[in-house]
Structures are given as structure tokens and as C-alpha cells.
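Colleague: Pasting model.txt below, which is compact mmCIF, C-alpha atoms.
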```txt
# COMPACT_ATOMS: atom_id res chain seq x y z
CA MET R 2 47.91 120.75 135.86
CA ILE R 3 46.50 124.20 135.20
CA SER R 4 42.96 124.20 133.87
CA ARG R 5 41.69 126.46 131.02
CA LYS R 6 39.28 127.98 133.51
CA ASN R 7 42.11 129.17 135.75
CA MET R 8 44.02 130.52 132.75
CA GLY R 9 41.07 132.64 131.72
CA SER R 10 40.56 134.19 135.13
CA ALA R 11 43.71 136.32 135.49
CA SER R 12 43.31 139.26 137.85
CA PRO R 13 42.59 142.74 136.38
CA LEU R 14 45.73 144.08 138.10
CA LEU R 15 47.91 141.52 136.28
CA LEU R 16 46.34 142.36 132.91
CA ILE R 17 46.89 146.10 133.44
CA THR R 18 50.51 145.45 134.41
CA LEU R 19 51.09 143.36 131.28
CA VAL R 20 49.50 145.97 128.99
CA LEU R 21 51.57 148.79 130.49
CA GLY R 22 54.72 146.68 130.14
CA VAL R 23 54.04 145.96 126.47
CA CYS R 24 53.31 149.63 125.78
CA PHE R 25 56.51 150.71 127.50
CA ALA R 26 58.60 148.19 125.56
CA THR R 27 56.97 149.24 122.27
CA TYR R 28 57.62 152.91 123.06
CA ASN R 29 61.30 152.18 123.75
CA LEU R 30 61.65 150.21 120.50
CA VAL R 31 60.01 152.94 118.40
CA THR R 32 62.12 155.60 120.11
CA MET R 33 65.30 153.67 119.40
CA VAL R 34 64.41 153.23 115.73
CA MET R 35 63.51 156.91 115.31
CA HIS R 36 66.64 157.98 117.15
CA ASN R 37 68.88 155.78 115.01
CA ARG R 38 67.25 157.05 111.84
CA SER R 39 67.72 160.64 112.90
CA ILE R 40 71.43 160.22 113.68
CA SER R 41 72.46 157.70 111.06
CA LYS R 42 75.43 159.96 110.57
CA LEU R 43 78.95 160.12 111.81
CA THR R 44 79.55 162.00 115.03
CA ILE R 45 82.69 164.12 114.74
CA TYR R 46 84.41 165.14 117.96
CA ASN R 47 86.52 168.24 118.09
CA SER R 48 89.41 168.85 120.46
CA ASP R 49 87.20 170.53 123.04
CA GLY R 50 84.72 167.67 123.24
CA GLY R 51 82.14 169.38 121.03
CA ILE R 52 79.94 167.20 118.87
CA PHE R 53 79.30 167.71 115.17
CA VAL R 54 77.19 165.66 112.78
CA ASP R 55 78.50 164.41 109.46
CA PRO R 56 76.66 162.41 106.79
CA ILE R 57 78.76 159.26 106.88
CA ILE R 58 78.58 156.95 109.90
CA GLU R 59 77.82 157.07 113.61
CA MET R 60 80.59 156.80 116.18
CA PRO R 61 78.97 156.05 119.56
CA GLU R 62 80.37 158.12 122.40
CA SER R 63 80.82 154.97 124.48
CA VAL R 64 83.23 153.65 121.85
CA ARG R 65 85.07 156.93 121.59
CA LYS R 66 85.76 157.07 125.33
CA LEU R 67 86.89 153.48 125.72
CA LYS R 68 90.41 153.15 127.03
CA ARG R 69 92.53 151.11 124.64
CA ALA R 70 96.02 149.85 124.18
CA LYS R 71 98.43 151.98 122.21
CA MET R 72 97.97 151.58 118.44
CA PRO R 73 101.09 152.85 116.64
CA PHE R 74 100.89 153.83 113.00
CA HIS R 75 103.57 154.08 110.33
CA VAL R 76 104.06 157.55 108.83
CA ALA R 77 104.43 157.40 105.04
CA LEU R 78 104.70 160.19 102.51
CA THR R 79 105.37 160.17 98.79
CA ALA R 80 108.04 162.46 97.38
CA THR R 81 110.14 163.31 94.36
CA ASP R 82 113.85 164.12 94.14
CA ALA R 83 113.15 167.75 93.18
CA PRO R 84 114.61 170.43 95.52
CA TYR R 85 111.08 171.71 96.21
CA SER R 86 110.02 168.31 97.55
CA LYS R 87 113.23 167.61 99.42
CA TRP R 88 113.31 170.69 101.65
CA GLN R 89 109.70 170.10 102.69
CA CYS R 90 110.45 166.46 103.51
CA ARG R 91 113.40 167.51 105.68
CA ILE R 92 111.26 169.91 107.73
CA MET R 93 108.48 167.34 108.00
CA TYR R 94 110.88 164.64 109.21
CA TYR R 95 112.48 167.01 111.73
CA TRP R 96 109.12 167.63 113.41
CA TYR R 97 108.17 163.96 113.23
CA LYS R 98 111.28 163.15 115.30
CA LYS R 99 110.48 165.95 117.77
CA GLN R 100 106.89 164.78 118.36
CA LYS R 101 107.21 161.01 117.97
CA ASP R 102 108.09 160.06 121.56
CA LEU R 103 106.13 162.75 123.41
CA PRO R 104 103.11 161.85 125.56
CA GLY R 105 100.00 161.31 123.45
CA SER R 106 101.88 160.30 120.33
CA GLU R 107 101.23 156.97 118.64
CA MET R 108 103.56 157.60 115.73
CA GLY R 109 105.65 154.58 114.80
CA GLY R 110 108.16 154.26 111.98
CA PHE R 111 108.65 156.65 109.09
CA THR R 112 109.12 156.14 105.35
CA ARG R 113 109.66 158.59 102.52
CA ILE R 114 108.39 156.79 99.42
CA LEU R 115 110.61 158.22 96.71
CA HIS R 116 108.97 157.70 93.33
CA SER R 117 111.85 158.98 91.22
CA GLY R 118 113.20 155.49 90.70
CA ASN R 119 116.69 156.51 91.85
CA PRO R 120 118.38 157.35 95.17
CA ASP R 121 119.05 160.96 96.13
CA ASN R 122 121.15 162.80 98.69
CA LEU R 123 118.64 162.35 101.54
CA MET R 124 118.90 158.57 101.72
CA ASN R 125 121.03 158.70 104.88
CA GLU R 126 118.97 161.43 106.51
CA ILE R 127 115.42 160.18 106.04
CA PRO R 128 114.28 156.52 105.97
CA THR R 129 113.47 156.02 102.30
CA VAL R 130 112.11 153.35 99.99
CA ILE R 131 112.66 153.85 96.26
CA VAL R 132 109.84 152.96 93.88
CA ASP R 133 109.31 153.48 90.18
CA PRO R 134 107.46 156.41 88.66
CA LEU R 135 104.64 155.83 86.23
CA PRO R 136 105.77 155.11 82.66
CA ALA R 137 106.92 158.25 80.87
CA GLY R 138 104.05 160.47 79.77
CA LEU R 139 101.32 158.60 81.64
CA ASP R 140 100.89 161.33 84.26
CA ARG R 141 100.73 164.03 81.55
CA GLY R 142 102.35 166.58 83.80
CA TYR R 143 100.12 165.80 86.79
CA ILE R 144 102.85 164.38 89.00
CA VAL R 145 100.45 163.57 91.84
CA LEU R 146 99.22 160.60 89.78
CA ASN R 147 102.42 158.88 90.91
CA ARG R 148 101.18 158.85 94.51
CA PRO R 149 98.76 155.88 94.34
CA TRP R 150 101.19 153.91 92.19
CA ALA R 151 103.95 154.63 94.72
CA PHE R 152 101.79 153.32 97.58
CA VAL R 153 100.92 150.17 95.62
CA GLN R 154 104.61 149.39 95.16
CA TRP R 155 105.59 150.29 98.73
CA LEU R 156 102.90 148.08 100.24
CA GLU R 157 104.09 145.18 98.09
CA LYS R 158 107.82 145.47 98.80
CA ALA R 159 108.17 146.98 102.29
CA THR R 160 108.01 145.29 105.68
CA ILE R 161 105.69 147.45 107.77
CA GLU R 162 105.53 146.48 111.43
CA GLU R 163 102.63 148.73 112.40
CA GLU R 164 99.02 147.70 111.78
CA TYR R 165 98.08 151.24 110.73
CA VAL R 166 99.49 153.72 108.21
CA LEU R 167 99.29 157.51 108.15
CA MET R 168 99.38 158.82 104.59
CA ALA R 169 101.04 162.22 104.90
CA GLU R 170 102.56 164.83 102.61
CA PRO R 171 105.85 166.78 102.55
CA ASP R 172 104.10 170.06 103.44
CA HIS R 173 102.79 168.68 106.73
CA ILE R 174 104.25 169.78 110.06
CA PHE R 175 103.36 167.90 113.24
CA VAL R 176 102.45 170.72 115.58
CA THR R 177 101.45 168.43 118.47
CA PRO R 178 101.92 164.69 119.14
CA LEU R 179 99.54 162.74 116.93
CA PRO R 180 97.52 159.83 118.35
CA ASN R 181 95.86 157.15 116.24
CA LEU R 182 92.54 158.76 115.31
CA ALA R 183 91.23 155.69 113.49
CA HIS R 184 88.63 153.42 115.07
CA GLY R 185 89.23 149.83 114.04
CA GLY R 186 87.85 149.33 110.55
CA TYR R 187 86.98 153.01 110.26
CA PRO R 188 89.96 155.05 108.99
CA ALA R 189 90.36 158.65 110.11
CA ALA R 190 90.42 161.41 107.50
CA PHE R 191 90.28 165.18 107.25
CA PRO R 192 87.15 166.60 105.54
CA PHE R 193 88.00 169.02 102.71
CA PHE R 194 85.38 171.67 102.01
CA TYR R 195 86.10 171.60 98.27
CA ILE R 196 85.55 167.84 97.82
CA LYS R 197 81.82 167.74 97.04
CA PRO R 198 80.60 164.39 95.73
CA ASP R 199 76.93 165.40 95.89
CA GLN R 200 77.58 168.32 93.52
CA ASN R 201 79.45 166.16 90.99
CA GLU R 202 77.15 163.17 90.66
CA LYS R 203 77.12 163.14 86.86
CA LEU R 204 80.91 162.86 86.67
CA LEU R 205 81.28 160.47 89.56
CA ARG R 206 78.74 158.03 88.13
CA LYS R 207 81.33 157.24 85.45
CA PHE R 208 83.45 155.66 88.19
CA PHE R 209 80.91 154.92 90.95
CA PRO R 210 77.91 153.11 89.40
CA GLU R 211 74.40 153.46 90.78
CA GLU R 212 74.35 149.91 92.12
CA MET R 213 77.02 151.02 94.61
CA GLY R 214 74.52 153.38 96.21
CA PRO R 215 74.17 157.17 96.41
CA VAL R 216 77.19 159.38 95.70
CA THR R 217 76.94 160.55 99.30
CA ASN R 218 78.61 157.21 100.12
CA ILE R 219 81.75 158.90 98.81
CA ASP R 220 83.48 160.73 101.66
CA PRO R 221 84.52 164.39 101.19
CA ILE R 222 88.21 163.58 101.62
CA GLY R 223 91.54 163.04 99.90
CA ASN R 224 94.12 160.40 100.68
CA SER R 225 96.02 162.64 103.08
CA PRO R 226 95.92 162.97 105.95
CA VAL R 227 94.40 159.54 106.48
CA ILE R 228 95.15 156.97 109.18
CA ILE R 229 94.05 153.57 107.93
CA LYS R 230 94.60 149.89 108.63
CA LYS R 231 97.35 148.54 106.41
CA GLU R 232 95.15 145.66 105.21
CA LEU R 233 92.47 148.12 104.07
CA LEU R 234 95.00 150.28 102.26
CA GLU R 235 96.34 147.22 100.46
CA LYS R 236 92.85 146.66 99.03
CA ILE R 237 92.13 150.29 98.19
CA ALA R 238 95.49 151.34 96.69
CA PRO R 239 95.28 149.45 93.35
CA THR R 240 91.72 150.70 92.83
CA TRP R 241 92.80 154.23 93.76
CA MET R 242 95.53 154.03 91.11
CA ASN R 243 93.19 152.73 88.41
CA VAL R 244 90.45 155.25 89.16
CA SER R 245 93.02 158.08 89.11
CA LEU R 246 94.22 157.06 85.65
CA LYS R 247 90.66 156.66 84.34
CA MET R 248 89.69 160.09 85.65
CA LYS R 249 92.76 161.62 84.00
CA ASP R 250 91.80 159.91 80.74
CA ASP R 251 88.32 161.44 80.85
CA PRO R 252 88.59 165.04 79.54
CA GLU R 253 85.46 166.28 81.32
CA THR R 254 86.50 164.84 84.68
CA ASP R 255 90.08 166.01 84.27
CA LYS R 256 88.98 169.56 83.49
CA THR R 257 86.43 169.72 86.33
CA PHE R 258 88.52 168.19 89.13
CA GLY R 259 91.88 169.62 88.10
CA TRP R 260 94.50 169.45 90.85
CA VAL R 261 92.14 167.61 93.24
CA LEU R 262 91.48 164.75 90.78
CA GLU R 263 93.63 162.26 92.70
CA MET R 264 91.83 163.21 95.93
CA TYR R 265 88.46 162.38 94.38
CA ALA R 266 89.96 159.14 93.06
CA TYR R 267 90.94 158.03 96.58
CA ALA R 268 87.48 158.91 97.93
CA VAL R 269 85.80 156.94 95.12
CA ALA R 270 88.13 153.96 95.51
CA SER R 271 87.38 153.79 99.24
CA ALA R 272 83.64 153.90 98.60
CA LEU R 273 83.92 151.15 95.97
CA HIS R 274 85.40 148.95 98.70
CA GLY R 275 82.71 149.97 101.18
CA VAL R 276 85.21 151.78 103.42
CA GLU R 277 83.80 154.70 105.43
CA HIS R 278 86.01 157.24 107.17
CA VAL R 279 85.64 158.96 110.53
CA LEU R 280 85.99 162.63 109.66
CA GLN R 281 88.28 164.50 112.05
CA LYS R 282 88.18 168.28 111.74
CA ASP R 283 91.00 168.60 114.26
CA PHE R 284 93.31 166.42 112.17
CA MET R 285 94.96 169.50 110.67
CA LEU R 286 94.74 173.22 110.06
CA GLN R 287 95.50 175.22 106.93
CA PRO R 288 96.87 178.74 107.32
CA PRO R 289 95.95 181.46 106.58
CA TRP R 290 92.30 180.36 106.69
CA ASP R 291 92.53 178.56 110.03
CA LEU R 292 93.58 181.24 112.49
CA GLU R 293 94.40 179.32 115.68
CA ILE R 294 96.34 176.16 116.46
CA GLY R 295 94.00 175.00 119.23
CA LYS R 296 94.47 171.28 119.74
CA LYS R 297 95.00 170.42 116.11
CA TYR R 298 97.77 168.04 115.12
CA ILE R 299 99.14 169.00 111.69
CA ILE R 300 99.85 172.29 109.94
CA HIS R 301 99.31 171.98 106.19
CA TYR R 302 100.99 174.91 104.49
CA THR R 303 99.56 174.49 101.02
CA TYR R 304 98.25 178.05 100.75
CA GLY R 305 100.31 181.20 100.41
CA CYS R 306 100.20 183.63 103.34
CA ASP R 307 100.26 187.28 102.23
CA TYR R 308 99.86 190.23 104.60
CA ASN R 309 100.48 193.95 104.66
CA MET R 310 102.48 195.49 107.50
CA LYS R 311 99.24 196.14 109.40
CA GLY R 312 98.75 192.38 109.68
CA GLU R 313 95.88 192.35 107.18
CA LEU R 314 95.49 189.42 104.79
CA THR R 315 95.97 190.33 101.12
CA TYR R 316 95.20 186.91 99.66
CA GLY R 317 95.44 186.90 95.86
CA LYS R 318 97.87 189.81 95.99
CA ILE R 319 101.53 189.51 96.93
CA GLY R 320 101.85 190.95 100.41
CA GLU R 321 104.47 193.21 101.96
CA TRP R 322 105.17 190.16 104.11
CA ARG R 323 104.62 186.69 102.71
CA PHE R 324 105.35 183.04 103.17
CA ASP R 325 104.52 180.77 100.25
CA LYS R 326 106.21 177.44 99.69
CA ARG R 327 106.06 178.08 95.94
CA SER R 328 108.56 180.89 96.39
CA PHE R 329 111.16 178.15 96.89
CA LEU R 330 110.67 175.85 93.92
CA ARG R 331 114.36 175.63 93.06
CA GLY R 332 115.86 175.39 96.50
CA PRO R 333 115.19 175.61 100.24
CA PRO R 334 114.07 178.78 102.00
CA PRO R 335 116.82 180.62 103.86
CA ARG R 336 117.30 180.16 107.56
CA ASN R 337 115.74 182.66 109.96
CA LEU R 338 112.81 183.83 107.86
CA PRO R 339 111.36 187.15 109.09
CA LEU R 340 108.39 186.72 111.37
CA PRO R 341 105.03 188.17 110.32
CA PRO R 342 104.03 191.67 111.40
CA PRO R 343 101.83 192.20 114.48
CA GLY R 344 98.22 191.20 114.02
CA VAL R 345 98.89 188.15 111.84
CA PRO R 346 97.06 185.03 113.12
CA GLU R 347 98.71 182.58 115.48
CA SER R 348 98.61 179.82 112.87
CA VAL R 349 100.86 181.72 110.46
CA VAL R 350 103.26 182.88 113.19
CA THR R 351 103.57 179.32 114.49
CA LEU R 352 104.19 177.98 110.98
CA VAL R 353 107.10 180.35 110.35
CA LYS R 354 108.59 179.74 113.79
CA MET R 355 108.48 175.98 113.23
CA VAL R 356 110.08 176.31 109.80
CA ASN R 357 112.80 178.48 111.32
CA GLU R 358 113.46 176.03 114.15
CA ALA R 359 113.78 173.14 111.71
CA THR R 360 116.09 174.95 109.31
CA ALA R 361 118.27 176.14 112.20
CA ASN R 362 118.82 172.59 113.41
CA ILE R 363 118.98 170.53 110.20
CA PRO R 364 122.62 170.08 109.17
CA ASN R 365 123.68 171.29 105.72
CA TRP R 366 120.36 173.01 105.24
CA ASP R 367 121.39 174.80 102.06
CA ALA R 368 122.23 171.54 100.29
CA GLU R 369 119.86 170.77 97.46
```
Spit out the file's structure as C-alpha cells when you get a sec.
Modeller:
Amino acid sequence: MISRKNMGSASPLLLITLVLGVCFATYNLVTMVMHNRSISKLTIYNSDGGIFVDPIIEMPESVRKLKRAKMPFHVALTATDAPYSKWQCRIMYYWYKKQKDLPGSEMGGFTRILHSGNPDNLMNEIPTVIVDPLPAGLDRGYIVLNRPWAFVQWLEKATIEEEYVLMAEPDHIFVTPLPNLAHGGYPAAFPFFYIKPDQNEKLLRKFFPEEMGPVTNIDPIGNSPVIIKKELLEKIAPTWMNVSLKMKDDPETDKTFGWVLEMYAYAVASALHGVEHVLQKDFMLQPPWDLEIGKKYIIHYTYGCDYNMKGELTYGKIGEWRFDKRSFLRGPPPRNLPLPPPGVPESVVTLVKMVNEATANIPNWDAE
């Protein structure tokens, strides 16, 4: 048995060692807390290994670099039976097939979710599931409102083998093989500079109450491109649809958000379900503003590209040379579009070359 006397007579060296040990442990604990508070944000990794900081969640580098089994995702896009939508879908599907089986790709199956309610002439060319449009007049001319409703129906009726889904759009071109950028329960999304929840708090509080936390919990994203677990999307999609309709019904919100209303609705719906996205700046590029392809995965050709013959951008003014998808509302662009003049950025040149390759190889291209 150890007596109290012996317990009280510990050597000075032992006491000093214990004190130093406690101090060191306390220092480490405080350092860890301060460090975690200072980086309680998402780390975004670009294609060159650079590190950016984003105000959402932290992605530890050790997790990012872990080797993992292949995680295929299903590619899904919503579409109409209008000629404008169809020619974009055909180009998109062409490049999906080209990239799908290349090294680095984790693309699985493909579905065009056709929300016209009726089959069209692409049924045998592109894997398609037909769903119903919203009831007549409900979208009030904003056809994008059909997108969340289309996903709700597709998720209910389709058999999807993959655990993950990529929500894509007809005006996407896969410029390189696309891996699964999601990390488990954290979907991957592209950050849009014009989606600014913190600058629209008054409006967003109508749909995202204060008890859900700060509006910065709403990610600066739309629904596309997003790679997300199917089970998460099944929870979010009905909410996304309802929030979209409520926003459209609110005149102030409708006027303020305009054509990006449905994007805000997806971001709000995700936040209502507590879903946070890993923001991937290399997910896609948008000519003419993004100049180089780099190691990005998707070209999104939503903006018109106008240049003079000196290769200078004339945005807002029709250029001597131009490529704008809206020039082809009633039918597909012709084959062999002229290439841009010298000096035009690589992103625009690549876009036109990829459009030309697709149109040259898709049978019956001129069919509407």
C-alpha cells in the first residue's frame, strides 16, 4: 500500500515534467480549436492542386487524396421537344458517348428527361424518359419551372442503377472525361458568381426562415451542374419544385431573380434539407468569359460569343464573327461553322470545333 506521505513527496523533476506535459496538451487543444474556427469553410481544389477557401464546409486534404473505388453517376438532363432544345441535346449526347469510357471518366448511364408529355423523333437516338409538363399556365412562360417537376417524376418512375446523379443541361459539352466530384454526402456543384444569397436576405427569408440559420447556409449554386447522391436528390426535388412555384408566385421575388429564380429555388431547397455542396470551380467553363480550357470538364455555352475580325470581344454588340445558340431557335446550326478569327480565346475556338465535330458525325443532322 502506498502511504499519503509517499504520495506527497514526488520529485521536483516529475512535477516539472507533468506541468510541461499539461501545458503542451493545452496548447495543442487551443491551437486545434482556433485553427478549426479559422477554416470552418470549404476548401475548393482546382485542377492544378491550388487551394481556395469558400464559406460552406471544410474538405480535409486527407479525404480528398484518399484512393477510392469507382463511383459511377447517371447523367440526366431535362429537355423539351422544341428544335432549339433537340439540337443541343444531340450535341451533348454525342460528346457524352465520346468521353464516357475514357480514362478518368465515371459517367454511367444517360437519360434525357423529356417534359413535353409526348415522344419525339429522338427517342431512338437518345435514351429518353417522358414525363408530364406542369399544368397549362402554371409556369407562366418560364419553362424552366418544369425542370424540378420533371426530376420529381423521373425519380419516381425510373430505375436508376447508379448511386449518384449528374444534373446536366442541353447546352453542356463534356470537354474532358468527368469523374465523380462528389464526396459521399456532400454533392459537388459549380459556384455561380451571380447567385448571391447574402445580398438577397430579405427575399430569401420568405422561403428560408431564420430558425434555419443564416442565409449564408444557402450555397451560391443552381441545380446544374450538380453531382449528388440519388437518395439526397429524392428528398430535395419535391421541395425544389414547391419553392420554385412559391418564388414564381411572389411578384417581388419573381422580378428580382428573373431567369435565375429556379437556381435560387434549388439552392434554398438544399439548405432546407441541411445539404451542403462542395463547390468545384473546375466543374465547367463559360465562354467567352473563361478564356482557357485548362483541366475543366464541361463547356457551358449559355453566353453569346461576339468578336470583330481582330479577335476582340464585342459583347453586347453583334460581332463580325459570332456564335450564339439563340441564333438557332428554330432549327440546328449548319455543319462546318466558320472558326473564329485569330486572337479569339481557346475556349471559344474549342467550343466551335466541338460543335462542328458533333454535327459532322451525327446522322441526319438537319432533321428537326
Colleague: Go through R:Gly305, R:Gly223, R:Pro335, R:Pro149 and flag the residue nearest Ile196 (chain R), using all atoms listed in the file for the distances.
Modeller: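 Residue with the minimum atom-to-atom distance to Ile196 (chain R): R:Gly223.
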Colleague: What gap, in Å, lies between CA of Pro334 (chain R) and CA of Arg148 (chain R)?
Modeller: 24.9 Å
Colleague: So that I can check the surroundings of region 170-186 of chain R, please list as a list in words every protein, DNA and RNA residue that reaches within 6 Å of it, counting all atoms listed in the file and ignoring chain neighbours fewer than 6 positions away.
Modeller: Leu78, Gln89, Cys90, Met93, Trp96, Gln100, Gly105, Ser106, Glu107, Ile228, Tyr298, Ile299, Ile300, His301 and Tyr302 of chain R
Colleague: Any chance you can output those residues with C-alpha atoms as a PDB file, keeping the file's coordinate frame?
Modeller:
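What ended up in part32.pdb:
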```pdb
ATOM      1  CA  LEU R  78     104.700 160.190 102.510  1.00  0.00           C
ATOM      2  CA  GLN R  89     109.700 170.100 102.690  1.00  0.00           C
ATOM      3  CA  CYS R  90     110.450 166.460 103.510  1.00  0.00           C
ATOM      4  CA  MET R  93     108.480 167.340 108.000  1.00  0.00           C
ATOM      5  CA  TRP R  96     109.120 167.630 113.410  1.00  0.00           C
ATOM      6  CA  GLN R 100     106.890 164.780 118.360  1.00  0.00           C
ATOM      7  CA  GLY R 105     100.000 161.310 123.450  1.00  0.00           C
ATOM      8  CA  SER R 106     101.880 160.300 120.330  1.00  0.00           C
ATOM      9  CA  GLU R 107     101.230 156.970 118.640  1.00  0.00           C
ATOM     10  CA  ILE R 228      95.150 156.970 109.180  1.00  0.00           C
ATOM     11  CA  TYR R 298      97.770 168.040 115.120  1.00  0.00           C
ATOM     12  CA  ILE R 299      99.140 169.000 111.690  1.00  0.00           C
ATOM     13  CA  ILE R 300      99.850 172.290 109.940  1.00  0.00           C
ATOM     14  CA  HIS R 301      99.310 171.980 106.190  1.00  0.00           C
ATOM     15  CA  TYR R 302     100.990 174.910 104.490  1.00  0.00           C
TER      16      TYR R 302
END
```
Colleague: Suppose you want the space between CA of Thr303 (chain R) and CA of Lys230 (chain R); what is it in Å?
Modeller: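 Calculated distance between CA of Thr303 (chain R) and CA of Lys230 (chain R) is 26.2 Å.
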Colleague: Using CA of Ser225 (chain R) and CA of Glu164 (chain R) as the two end points, give the distance in Å to one decimal.
Modeller: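 Spanning CA of Ser225 (chain R) to CA of Glu164 (chain R) is a straight-line distance of 17.5 Å.
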Colleague: Tell me, as a list in words, which residues lie within 12 Å of Val132 (chain R), counting all atoms listed in the file; anything in the same chain fewer than 4 positions away does not count.
Modeller: Thr79, Ala80, Thr81, Asp82, Thr112, Arg113, Ile114, Leu115, His116, Ser117, Gly118, Asn119, Pro120, Asn147, Arg148, Pro149, Trp150, Ala151, Phe152, Val153, Gln154, Trp155, Leu156, Glu157, Lys158 and Ala159 of chain R
Colleague: From the list R:Val130, R:Val76, R:Val145, R:Val345, which residue is nearest Gly110 (chain R) when using all atoms listed in the file?
Modeller: R:Val76
Colleague: From the list R:Met242, R:Ile161, R:Met310, R:Ala83, which residue is nearest Pro343 (chain R) when using all atoms listed in the file?
Modeller: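 Of R:Met242, R:Ile161, R:Met310, R:Ala83, the one nearest Pro343 (chain R), counting all atoms listed in the file, is R:Met310.
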Colleague: Using all atoms listed in the file, which of R:Lys101, R:Ile294, R:Met213, R:Pro221 sits nearest Asp199 (chain R)?
Modeller: R:Pro221
Colleague: Which is closest to Val276 (chain R) among R:Ile237, R:Leu338, R:Leu352, R:Leu246, if we use all atoms listed in the file?
Modeller: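 Selected residue with least distance to Val276 (chain R): R:Ile237.
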Colleague: Using all atoms listed in the file, which of R:Asp140, R:Glu293, R:Glu235, R:Glu211 sits nearest Tyr165 (chain R)?
Modeller: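 Closest to Tyr165 (chain R), using all atoms listed in the file: R:Glu235.
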Colleague: Phe193 (chain R): which residues within 12 Å, counting only C-alpha atoms, same-chain residues fewer than 4 positions away excluded, as a tab-separated table (two decimals) with C-alpha atoms, in the coordinates of the input?
Modeller:
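Saved result, selection.tsv, follows:
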```tsv
chain	number	residue	atom	x	y	z
R	197	LYS	CA	81.82	167.74	97.04
R	198	PRO	CA	80.60	164.39	95.73
R	220	ASP	CA	83.48	160.73	101.66
R	221	PRO	CA	84.52	164.39	101.19
R	222	ILE	CA	88.21	163.58	101.62
R	223	GLY	CA	91.54	163.04	99.90
R	224	ASN	CA	94.12	160.40	100.68
R	225	SER	CA	96.02	162.64	103.08
R	226	PRO	CA	95.92	162.97	105.95
R	261	VAL	CA	92.14	167.61	93.24
R	264	MET	CA	91.83	163.21	95.93
R	265	TYR	CA	88.46	162.38	94.38
R	268	ALA	CA	87.48	158.91	97.93
R	280	LEU	CA	85.99	162.63	109.66
R	281	GLN	CA	88.28	164.50	112.05
R	282	LYS	CA	88.18	168.28	111.74
R	283	ASP	CA	91.00	168.60	114.26
R	284	PHE	CA	93.31	166.42	112.17
R	285	MET	CA	94.96	169.50	110.67
R	286	LEU	CA	94.74	173.22	110.06
R	287	GLN	CA	95.50	175.22	106.93
```
Colleague: Just need the box for region 79-90 of chain R, edges along x, y and z, holding every atom the file lists for it with 8 Å tacked onto each side, so centre and edge lengths in Å to one decimal, as AutoDock Vina command-line options.
Modeller:
```
--center_x 110.0 --center_y 165.9 --center_z 98.3 --size_x 25.2 --size_y 27.5 --size_z 26.3
```
Colleague: Some atoms are missing, so please complete region 115-121 of chain R with all heavy atoms and return it as a short mmCIF file (atom, residue, chain, number, x, y, z; two decimals), keeping the file's coordinate frame.
Modeller:
```cif
data_model
loop_
_atom_site.label_atom_id
_atom_site.label_comp_id
_atom_site.auth_asym_id
_atom_site.auth_seq_id
_atom_site.Cartn_x
_atom_site.Cartn_y
_atom_site.Cartn_z
N LEU R 115 110.01 157.40 97.76
CA LEU R 115 110.61 158.22 96.71
C LEU R 115 110.30 157.61 95.34
O LEU R 115 110.84 156.57 94.97
CB LEU R 115 112.12 158.30 96.94
CG LEU R 115 112.95 159.16 95.99
CD1 LEU R 115 112.51 160.63 96.05
CD2 LEU R 115 114.44 159.03 96.30
N HIS R 116 109.40 158.29 94.60
CA HIS R 116 108.97 157.70 93.33
C HIS R 116 109.71 158.31 92.13
O HIS R 116 109.14 158.49 91.05
CB HIS R 116 107.45 157.80 93.15
CG HIS R 116 106.86 159.17 93.30
ND1 HIS R 116 106.95 160.14 92.33
CD2 HIS R 116 106.15 159.71 94.32
CE1 HIS R 116 106.30 161.22 92.73
NE2 HIS R 116 105.82 160.99 93.94
N SER R 117 111.00 158.55 92.33
CA SER R 117 111.85 158.98 91.22
C SER R 117 112.53 157.80 90.54
O SER R 117 113.04 157.91 89.43
CB SER R 117 112.92 159.94 91.73
OG SER R 117 113.77 159.28 92.65
N GLY R 118 112.55 156.67 91.24
CA GLY R 118 113.20 155.49 90.70
C GLY R 118 114.69 155.40 90.98
O GLY R 118 115.33 154.39 90.71
N ASN R 119 115.25 156.46 91.58
CA ASN R 119 116.69 156.51 91.85
C ASN R 119 116.94 157.13 93.22
O ASN R 119 116.17 157.96 93.69
CB ASN R 119 117.41 157.35 90.79
CG ASN R 119 117.30 156.75 89.41
OD1 ASN R 119 117.78 155.65 89.16
ND2 ASN R 119 116.64 157.47 88.50
N PRO R 120 118.05 156.75 93.88
CA PRO R 120 118.38 157.35 95.17
C PRO R 120 118.75 158.82 95.02
O PRO R 120 119.14 159.27 93.94
CB PRO R 120 119.56 156.51 95.66
CG PRO R 120 120.15 155.92 94.42
CD PRO R 120 119.02 155.73 93.46
N ASP R 121 118.63 159.56 96.12
CA ASP R 121 119.05 160.96 96.13
C ASP R 121 119.92 161.21 97.35
O ASP R 121 120.32 160.28 98.05
CB ASP R 121 117.85 161.91 96.07
CG ASP R 121 116.94 161.80 97.30
OD1 ASP R 121 117.32 161.08 98.26
OD2 ASP R 121 115.86 162.40 97.32
#
```
